[in-house]
Amino acid sequence: MYFDSLQQLMSMNGHGIYVWSSFAISAVVMIGLIVKPLRQKQAAMKNIELQIKLQASKQAAKQTEVADAPHS
């Protein structure tokens with residue numbers, strides 16, 4: 001193995017802070033690239049569901065108006 005102990009692995013001859021911070025930043029960005037589209041999809045699906053309900057209620061109201069209108 002290249003490093004003899006866990007402490008040497010973490011310090012990496014004084015460069016550990018740079019290596020591990022860049023690793024952490026990369027991990028956060030990669031997780032964000034997964035989470036953000038999932039949340040956007042969820043929001044879009046809720047918006048579509050709301051639009052469908054709104055359209056259905058408008059059609060129901062329109063049908064009610066037609067049914068209640070006096071026939072001439």
# chains A, B, ... in the order shown; residues from 1 in each chain; ligands from 1
call {"tool": "select_by_dssp", "arguments": {"residues": "chain A", "states": "alpha helix (DSSP H)", "output": "ChimeraX atom specification"}}
result
/A:6-11,16-68
call {"tool": "atom_distance", "arguments": {"atom1": "atom CA of A:Thr64", "atom2": "atom CA of A:Lys46"}}
result
26.9 Å
call {"tool": "decode", "arguments": {"residues": "stretch 16-49 of chain A", "atoms": "N, CA and C atoms", "output": "PDB file, in the first residue's frame"}}
result
ATOM      1  N   GLY A  16      -3.399  16.904   1.841  1.00  0.00           N
ATOM      2  CA  GLY A  16      -4.684  16.279   2.146  1.00  0.00           C
ATOM      3  C   GLY A  16      -5.848  17.249   2.166  1.00  0.00           C
ATOM      4  N   ILE A  17      -5.635  18.442   2.714  1.00  0.00           N
ATOM      5  CA  ILE A  17      -6.717  19.422   2.789  1.00  0.00           C
ATOM      6  C   ILE A  17      -7.233  19.777   1.396  1.00  0.00           C
ATOM      7  N   TYR A  18      -6.359  19.881   0.439  1.00  0.00           N
ATOM      8  CA  TYR A  18      -6.752  20.215  -0.929  1.00  0.00           C
ATOM      9  C   TYR A  18      -7.424  19.024  -1.622  1.00  0.00           C
ATOM     10  N   VAL A  19      -6.857  17.846  -1.415  1.00  0.00           N
ATOM     11  CA  VAL A  19      -7.399  16.635  -2.046  1.00  0.00           C
ATOM     12  C   VAL A  19      -8.781  16.329  -1.504  1.00  0.00           C
ATOM     13  N   TRP A  20      -8.919  16.311  -0.160  1.00  0.00           N
ATOM     14  CA  TRP A  20     -10.193  15.925   0.428  1.00  0.00           C
ATOM     15  C   TRP A  20     -11.259  16.998   0.253  1.00  0.00           C
ATOM     16  N   SER A  21     -10.856  18.268   0.253  1.00  0.00           N
ATOM     17  CA  SER A  21     -11.866  19.311   0.019  1.00  0.00           C
ATOM     18  C   SER A  21     -12.356  19.263  -1.428  1.00  0.00           C
ATOM     19  N   SER A  22     -11.464  19.019  -2.372  1.00  0.00           N
ATOM     20  CA  SER A  22     -11.909  18.911  -3.763  1.00  0.00           C
ATOM     21  C   SER A  22     -12.769  17.665  -3.954  1.00  0.00           C
ATOM     22  N   PHE A  23     -12.443  16.594  -3.252  1.00  0.00           N
ATOM     23  CA  PHE A  23     -13.271  15.388  -3.300  1.00  0.00           C
ATOM     24  C   PHE A  23     -14.660  15.678  -2.749  1.00  0.00           C
ATOM     25  N   ALA A  24     -14.729  16.382  -1.619  1.00  0.00           N
ATOM     26  CA  ALA A  24     -16.018  16.704  -1.002  1.00  0.00           C
ATOM     27  C   ALA A  24     -16.848  17.622  -1.896  1.00  0.00           C
ATOM     28  N   ILE A  25     -16.214  18.634  -2.469  1.00  0.00           N
ATOM     29  CA  ILE A  25     -16.930  19.544  -3.370  1.00  0.00           C
ATOM     30  C   ILE A  25     -17.460  18.787  -4.583  1.00  0.00           C
ATOM     31  N   SER A  26     -16.655  17.917  -5.140  1.00  0.00           N
ATOM     32  CA  SER A  26     -17.083  17.113  -6.293  1.00  0.00           C
ATOM     33  C   SER A  26     -18.259  16.218  -5.926  1.00  0.00           C
ATOM     34  N   ALA A  27     -18.201  15.606  -4.757  1.00  0.00           N
ATOM     35  CA  ALA A  27     -19.290  14.732  -4.309  1.00  0.00           C
ATOM     36  C   ALA A  27     -20.581  15.522  -4.134  1.00  0.00           C
ATOM     37  N   VAL A  28     -20.487  16.713  -3.551  1.00  0.00           N
ATOM     38  CA  VAL A  28     -21.680  17.552  -3.361  1.00  0.00           C
ATOM     39  C   VAL A  28     -22.272  17.951  -4.713  1.00  0.00           C
ATOM     40  N   VAL A  29     -21.438  18.332  -5.648  1.00  0.00           N
ATOM     41  CA  VAL A  29     -21.919  18.719  -6.978  1.00  0.00           C
ATOM     42  C   VAL A  29     -22.585  17.528  -7.677  1.00  0.00           C
ATOM     43  N   MET A  30     -21.977  16.364  -7.588  1.00  0.00           N
ATOM     44  CA  MET A  30     -22.543  15.187  -8.244  1.00  0.00           C
ATOM     45  C   MET A  30     -23.883  14.789  -7.621  1.00  0.00           C
ATOM     46  N   ILE A  31     -23.982  14.897  -6.308  1.00  0.00           N
ATOM     47  CA  ILE A  31     -25.257  14.619  -5.648  1.00  0.00           C
ATOM     48  C   ILE A  31     -26.294  15.648  -6.078  1.00  0.00           C
ATOM     49  N   GLY A  32     -25.892  16.903  -6.174  1.00  0.00           N
ATOM     50  CA  GLY A  32     -26.796  17.952  -6.642  1.00  0.00           C
ATOM     51  C   GLY A  32     -27.285  17.710  -8.057  1.00  0.00           C
ATOM     52  N   LEU A  33     -26.412  17.163  -8.901  1.00  0.00           N
ATOM     53  CA  LEU A  33     -26.801  16.863 -10.279  1.00  0.00           C
ATOM     54  C   LEU A  33     -27.825  15.736 -10.350  1.00  0.00           C
ATOM     55  N   ILE A  34     -27.930  14.964  -9.307  1.00  0.00           N
ATOM     56  CA  ILE A  34     -28.946  13.911  -9.249  1.00  0.00           C
ATOM     57  C   ILE A  34     -30.229  14.443  -8.604  1.00  0.00           C
ATOM     58  N   VAL A  35     -30.085  15.179  -7.507  1.00  0.00           N
ATOM     59  CA  VAL A  35     -31.240  15.617  -6.730  1.00  0.00           C
ATOM     60  C   VAL A  35     -32.042  16.703  -7.439  1.00  0.00           C
ATOM     61  N   LYS A  36     -31.378  17.681  -8.022  1.00  0.00           N
ATOM     62  CA  LYS A  36     -32.090  18.811  -8.632  1.00  0.00           C
ATOM     63  C   LYS A  36     -33.043  18.383  -9.744  1.00  0.00           C
ATOM     64  N   PRO A  37     -32.617  17.561 -10.702  1.00  0.00           N
ATOM     65  CA  PRO A  37     -33.586  17.138 -11.724  1.00  0.00           C
ATOM     66  C   PRO A  37     -34.759  16.327 -11.161  1.00  0.00           C
ATOM     67  N   LEU A  38     -34.507  15.551 -10.114  1.00  0.00           N
ATOM     68  CA  LEU A  38     -35.603  14.800  -9.498  1.00  0.00           C
ATOM     69  C   LEU A  38     -36.621  15.744  -8.876  1.00  0.00           C
ATOM     70  N   ARG A  39     -36.145  16.779  -8.218  1.00  0.00           N
ATOM     71  CA  ARG A  39     -37.059  17.770  -7.636  1.00  0.00           C
ATOM     72  C   ARG A  39     -37.792  18.559  -8.723  1.00  0.00           C
ATOM     73  N   GLN A  40     -37.092  18.888  -9.802  1.00  0.00           N
ATOM     74  CA  GLN A  40     -37.743  19.587 -10.908  1.00  0.00           C
ATOM     75  C   GLN A  40     -38.820  18.716 -11.543  1.00  0.00           C
ATOM     76  N   LYS A  41     -38.549  17.429 -11.656  1.00  0.00           N
ATOM     77  CA  LYS A  41     -39.537  16.507 -12.220  1.00  0.00           C
ATOM     78  C   LYS A  41     -40.762  16.447 -11.320  1.00  0.00           C
ATOM     79  N   GLN A  42     -40.533  16.385 -10.018  1.00  0.00           N
ATOM     80  CA  GLN A  42     -41.641  16.347  -9.071  1.00  0.00           C
ATOM     81  C   GLN A  42     -42.489  17.607  -9.183  1.00  0.00           C
ATOM     82  N   ALA A  43     -41.848  18.753  -9.268  1.00  0.00           N
ATOM     83  CA  ALA A  43     -42.573  20.021  -9.389  1.00  0.00           C
ATOM     84  C   ALA A  43     -43.346  20.079 -10.701  1.00  0.00           C
ATOM     85  N   ALA A  44     -42.746  19.602 -11.774  1.00  0.00           N
ATOM     86  CA  ALA A  44     -43.420  19.597 -13.069  1.00  0.00           C
ATOM     87  C   ALA A  44     -44.631  18.673 -13.044  1.00  0.00           C
ATOM     88  N   MET A  45     -44.494  17.517 -12.409  1.00  0.00           N
ATOM     89  CA  MET A  45     -45.619  16.590 -12.325  1.00  0.00           C
ATOM     90  C   MET A  45     -46.768  17.191 -11.512  1.00  0.00           C
ATOM     91  N   LYS A  46     -46.459  17.885 -10.430  1.00  0.00           N
ATOM     92  CA  LYS A  46     -47.499  18.552  -9.641  1.00  0.00           C
ATOM     93  C   LYS A  46     -48.173  19.640 -10.463  1.00  0.00           C
ATOM     94  N   ASN A  47     -47.393  20.382 -11.249  1.00  0.00           N
ATOM     95  CA  ASN A  47     -47.941  21.431 -12.090  1.00  0.00           C
ATOM     96  C   ASN A  47     -48.868  20.841 -13.153  1.00  0.00           C
ATOM     97  N   ILE A  48     -48.458  19.744 -13.761  1.00  0.00           N
ATOM     98  CA  ILE A  48     -49.284  19.092 -14.770  1.00  0.00           C
ATOM     99  C   ILE A  48     -50.581  18.587 -14.144  1.00  0.00           C
ATOM    100  N   GLU A  49     -50.474  17.989 -12.968  1.00  0.00           N
ATOM    101  CA  GLU A  49     -51.669  17.508 -12.270  1.00  0.00           C
ATOM    102  C   GLU A  49     -52.622  18.648 -11.958  1.00  0.00           C
TER     103      GLU A  49
END
